[in-house]
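What follows is a short report on a single structure.
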Amino acid sequence: MTESINTKIFPKDFLWGASASAFQIEGRYENDGKGLATTDLATRKSGMADTDTAADFVNHYKEDITLMKEMGLKIYRMGFSWSRIMPDETMNPNPEGLAFYDKVIDALLAAGIEPFVTLYHFECPQALVEAFGGWKSRKMIDHYTAYAKICFTHFKGRVKKWATVNEQLIAASAPDLNGNFEKDPHLFQKNIWQMHWHISVAEHKAFALLKKIDPQAVIGPVCSIQVVYPLTCSPADVEAAAHAEELMEFSLLDLSARGKWSPYVVHYLKSHDLYPTCDESDAEVMASRPDFIGVNYYFSICAKEKTGPVNYNLPPFWVSDAYDIAGNPYLEKTEWMNMGIDPDGLKNGIEKIILRYSLPVIVTENGMAASEKIGKDGKVHDDYRISYLSQHIEKIAELLEEGWPVKGYCPWSFIDVISSHQGFAKRYGFVYIDREEKDLKEGKRIRKDSFGWYRNLIKECLEGK
Ligand code: BG6
């Protein structure tokens, strides 16, 4: 299924990669010194697979990196677990945690694969939530900065690409990830915007810090891009879609890349009594800039004119009196991709970002979820994933043909991981992890059909260059 992709357009230095986070794959080992993270508690409570084993990467990392090499990956987008490196509020680093990542980073480098590390991917140290409420408190800025400093210093020269925060929209919205269990719906939303401000100030401190510690390295945010179409061409629907994108995506990217909100967002937050408390010193901190923007994209959505009362039972970022979110009747839907499959959304989402910020983009996540089992032949035939990925890569090729600065593509996920809320029932990987929700089995690694397909695609794109 590579015929439709213009494989010749990809430059030799295009970053062909794959992604994962720390909590979704790592698991624990004896005396690891890791502190609890919000994600540990959330997955334990879920009754599904939890982070104690996850994909057992801690015991399989050598094998997994060998598979990455076999696949021809040039880059691996991975996560560090904050509470593995800094387990509690003392800010003292955990030598065991650093030693574990030393082994992983060195094995990647020895395999010729560049590590691209996300500092904070949903797993907030539980000790900080208990000590002062996590991101609701400004204290978190110092903790994140201290953690970033340790990472930048310790891995200087070995890690040359960093992502500050994965999907700030989700990290600040999901109570099980950040500990914002406020019951009052208005205060709940107010806390979210306060957390956004603190996360953004912390992120800017990290941008500046990296430039001081390792000027050769690059850094950027990873955004869960929200491609929002108007449900109809009625001007009210068009306006609702624009405002939905502004509030869910550009509000956060504007903070990352411009250091301030648009007039619409400032007005919206002030008129809804959601504007956060800021410090005078923040303006100077917010002046630092990222080097690129990481884009996570799975599907697009539609918005229409708001009618009726605000529904507080929706995901927090859909709760607004500025728009109603709707499904798209034109898209093919599957069991887990219930908003529909829309490769064009990836293309127009990236175009908007590059136009607004004049920064290069790396696709840091994009993938197809499915319920999967090993077939009678011992294999996993995931032709639907090959189809999904090839349609999206086709759009990357079109962007390159048109001259847009897209530097890499890291689909989600290299191996099967614990899904954010559906355990191992929902899988995205190129490599099947043989475990059930509770039955850990041996965690055997099985290449799915998409593994060979992606390997061949990378090879074809690099051939003759
Ligand atoms: C992104 C996250 O939101 O999407 C990943 O960065 C997550 O951590 C992925 O796993 C897929 O979402 P889900 O909910 O299907 O696991």
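Following the order of the structure tokens, chains are lettered A, B, ..., residues in each are numbered from 1, and ligands are numbered from 1.
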### Query
Using only C-alpha atoms and all ligand atoms, what are the residues with an atom within 7 Å of ligand 1, set out as a VMD selection string?
chain A and resid 21 121 166 to 167 224 296 369 418 to 422 426
Could you give me, as a PDB file with N, CA, C and O atoms, in the first residue's frame, the residues within 10 Å of A:Arg138, counting only C-alpha atoms and dropping anything in the same chain fewer than 4 positions from it?
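Saved as part-v3.pdb:
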```pdb
ATOM      1  N   PHE A 132       1.279  19.875  47.426  1.00  0.00           N
ATOM      2  CA  PHE A 132       0.719  21.234  47.225  1.00  0.00           C
ATOM      3  C   PHE A 132      -0.282  21.305  46.069  1.00  0.00           C
ATOM      4  O   PHE A 132      -0.541  22.388  45.538  1.00  0.00           O
ATOM      5  N   GLY A 133      -0.847  20.165  45.673  1.00  0.00           N
ATOM      6  CA  GLY A 133      -1.916  20.223  44.656  1.00  0.00           C
ATOM      7  C   GLY A 133      -1.407  20.191  43.223  1.00  0.00           C
ATOM      8  O   GLY A 133      -2.151  20.500  42.290  1.00  0.00           O
ATOM      9  N   GLY A 134      -0.135  19.835  43.018  1.00  0.00           N
ATOM     10  CA  GLY A 134       0.385  19.711  41.647  1.00  0.00           C
ATOM     11  C   GLY A 134       0.352  21.039  40.899  1.00  0.00           C
ATOM     12  O   GLY A 134       0.657  22.093  41.470  1.00  0.00           O
ATOM     13  N   ASP A 142       8.985  25.399  39.816  1.00  0.00           N
ATOM     14  CA  ASP A 142      10.361  25.135  40.284  1.00  0.00           C
ATOM     15  C   ASP A 142      10.692  23.648  40.217  1.00  0.00           C
ATOM     16  O   ASP A 142      11.817  23.269  39.891  1.00  0.00           O
ATOM     17  N   HIS A 143       9.713  22.815  40.531  1.00  0.00           N
ATOM     18  CA  HIS A 143       9.972  21.364  40.501  1.00  0.00           C
ATOM     19  C   HIS A 143      10.231  20.891  39.069  1.00  0.00           C
ATOM     20  O   HIS A 143      11.145  20.115  38.818  1.00  0.00           O
ATOM     21  N   GLN A 194      -5.608  27.777  35.302  1.00  0.00           N
ATOM     22  CA  GLN A 194      -4.480  28.114  36.186  1.00  0.00           C
ATOM     23  C   GLN A 194      -3.336  27.114  35.947  1.00  0.00           C
ATOM     24  O   GLN A 194      -2.161  27.494  35.868  1.00  0.00           O
ATOM     25  N   MET A 195      -3.699  25.836  35.811  1.00  0.00           N
ATOM     26  CA  MET A 195      -2.663  24.824  35.545  1.00  0.00           C
ATOM     27  C   MET A 195      -1.991  25.097  34.198  1.00  0.00           C
ATOM     28  O   MET A 195      -0.770  24.993  34.074  1.00  0.00           O
ATOM     29  N   TRP A 197      -1.494  27.893  32.794  1.00  0.00           N
ATOM     30  CA  TRP A 197      -0.530  29.001  32.920  1.00  0.00           C
ATOM     31  C   TRP A 197       0.763  28.501  33.565  1.00  0.00           C
ATOM     32  O   TRP A 197       1.864  28.767  33.073  1.00  0.00           O
ATOM     33  N   HIS A 198       0.624  27.765  34.642  1.00  0.00           N
ATOM     34  CA  HIS A 198       1.832  27.276  35.335  1.00  0.00           C
ATOM     35  C   HIS A 198       2.646  26.342  34.435  1.00  0.00           C
ATOM     36  O   HIS A 198       3.877  26.411  34.405  1.00  0.00           O
ATOM     37  N   ILE A 199       1.951  25.467  33.714  1.00  0.00           N
ATOM     38  CA  ILE A 199       2.675  24.544  32.817  1.00  0.00           C
ATOM     39  C   ILE A 199       3.429  25.354  31.765  1.00  0.00           C
ATOM     40  O   ILE A 199       4.592  25.080  31.453  1.00  0.00           O
ATOM     41  N   VAL A 201       4.521  28.497  31.896  1.00  0.00           N
ATOM     42  CA  VAL A 201       5.678  29.210  32.464  1.00  0.00           C
ATOM     43  C   VAL A 201       6.824  28.212  32.667  1.00  0.00           C
ATOM     44  O   VAL A 201       7.981  28.480  32.317  1.00  0.00           O
ATOM     45  N   ALA A 202       6.492  27.035  33.189  1.00  0.00           N
ATOM     46  CA  ALA A 202       7.524  26.008  33.420  1.00  0.00           C
ATOM     47  C   ALA A 202       8.166  25.603  32.095  1.00  0.00           C
ATOM     48  O   ALA A 202       9.395  25.469  31.991  1.00  0.00           O
ATOM     49  N   THR A 277      -4.262  33.535  37.715  1.00  0.00           N
ATOM     50  CA  THR A 277      -3.391  34.463  38.435  1.00  0.00           C
ATOM     51  C   THR A 277      -1.980  34.312  37.859  1.00  0.00           C
ATOM     52  O   THR A 277      -1.463  33.196  37.768  1.00  0.00           O
ATOM     53  N   CYS A 278      -1.393  35.419  37.462  1.00  0.00           N
ATOM     54  CA  CYS A 278      -0.036  35.380  36.880  1.00  0.00           C
ATOM     55  C   CYS A 278       0.881  36.212  37.780  1.00  0.00           C
ATOM     56  O   CYS A 278       0.416  37.029  38.574  1.00  0.00           O
ATOM     57  N   ASP A 279       2.172  36.027  37.599  1.00  0.00           N
ATOM     58  CA  ASP A 279       3.134  36.791  38.365  1.00  0.00           C
ATOM     59  C   ASP A 279       3.776  37.826  37.436  1.00  0.00           C
ATOM     60  O   ASP A 279       3.921  37.577  36.233  1.00  0.00           O
TER      61      ASP A 279
END
```
### Task
Just list the residues in stretch 76-317 of chain A DSSP gives strand (DSSP E or B) on the backbone, as a ChimeraX atom specification.
/A:76-79,114-120,125,161-166,218-224,228-230,293-296,301-304
### Query
Near A:Asp254, counting only C-alpha atoms, which residues have an atom at most 12 Å away, once you skip same-chain residues fewer than 3 positions from it, shown as number ranges by chain?
A: 196-197, 200, 221, 223, 245-251, 257-266, 286-287, 289-290, 293, 353, 356-357
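Minimum distance to A:Asn180 across A:Pro316, A:Pro93, A:Gly33, A:Pro405 (counting only C-alpha atoms) occurs at A:Pro316.
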### Query
Which residues, written as a list in words, have at least one atom at most 10 Å from A:Asp40, with only C-alpha atoms counted and residues fewer than 2 positions away on the same chain left out?
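The neighbour list is Phe23, Gln24, Gly27, Gly35, Leu36, Ala37, Thr38, Ala42, Thr43, Arg44, Lys45, Asp50, Thr51, Asp52, Glu123, Cys124, Pro125, Gln126, Asp176 and Leu177 of chain A.
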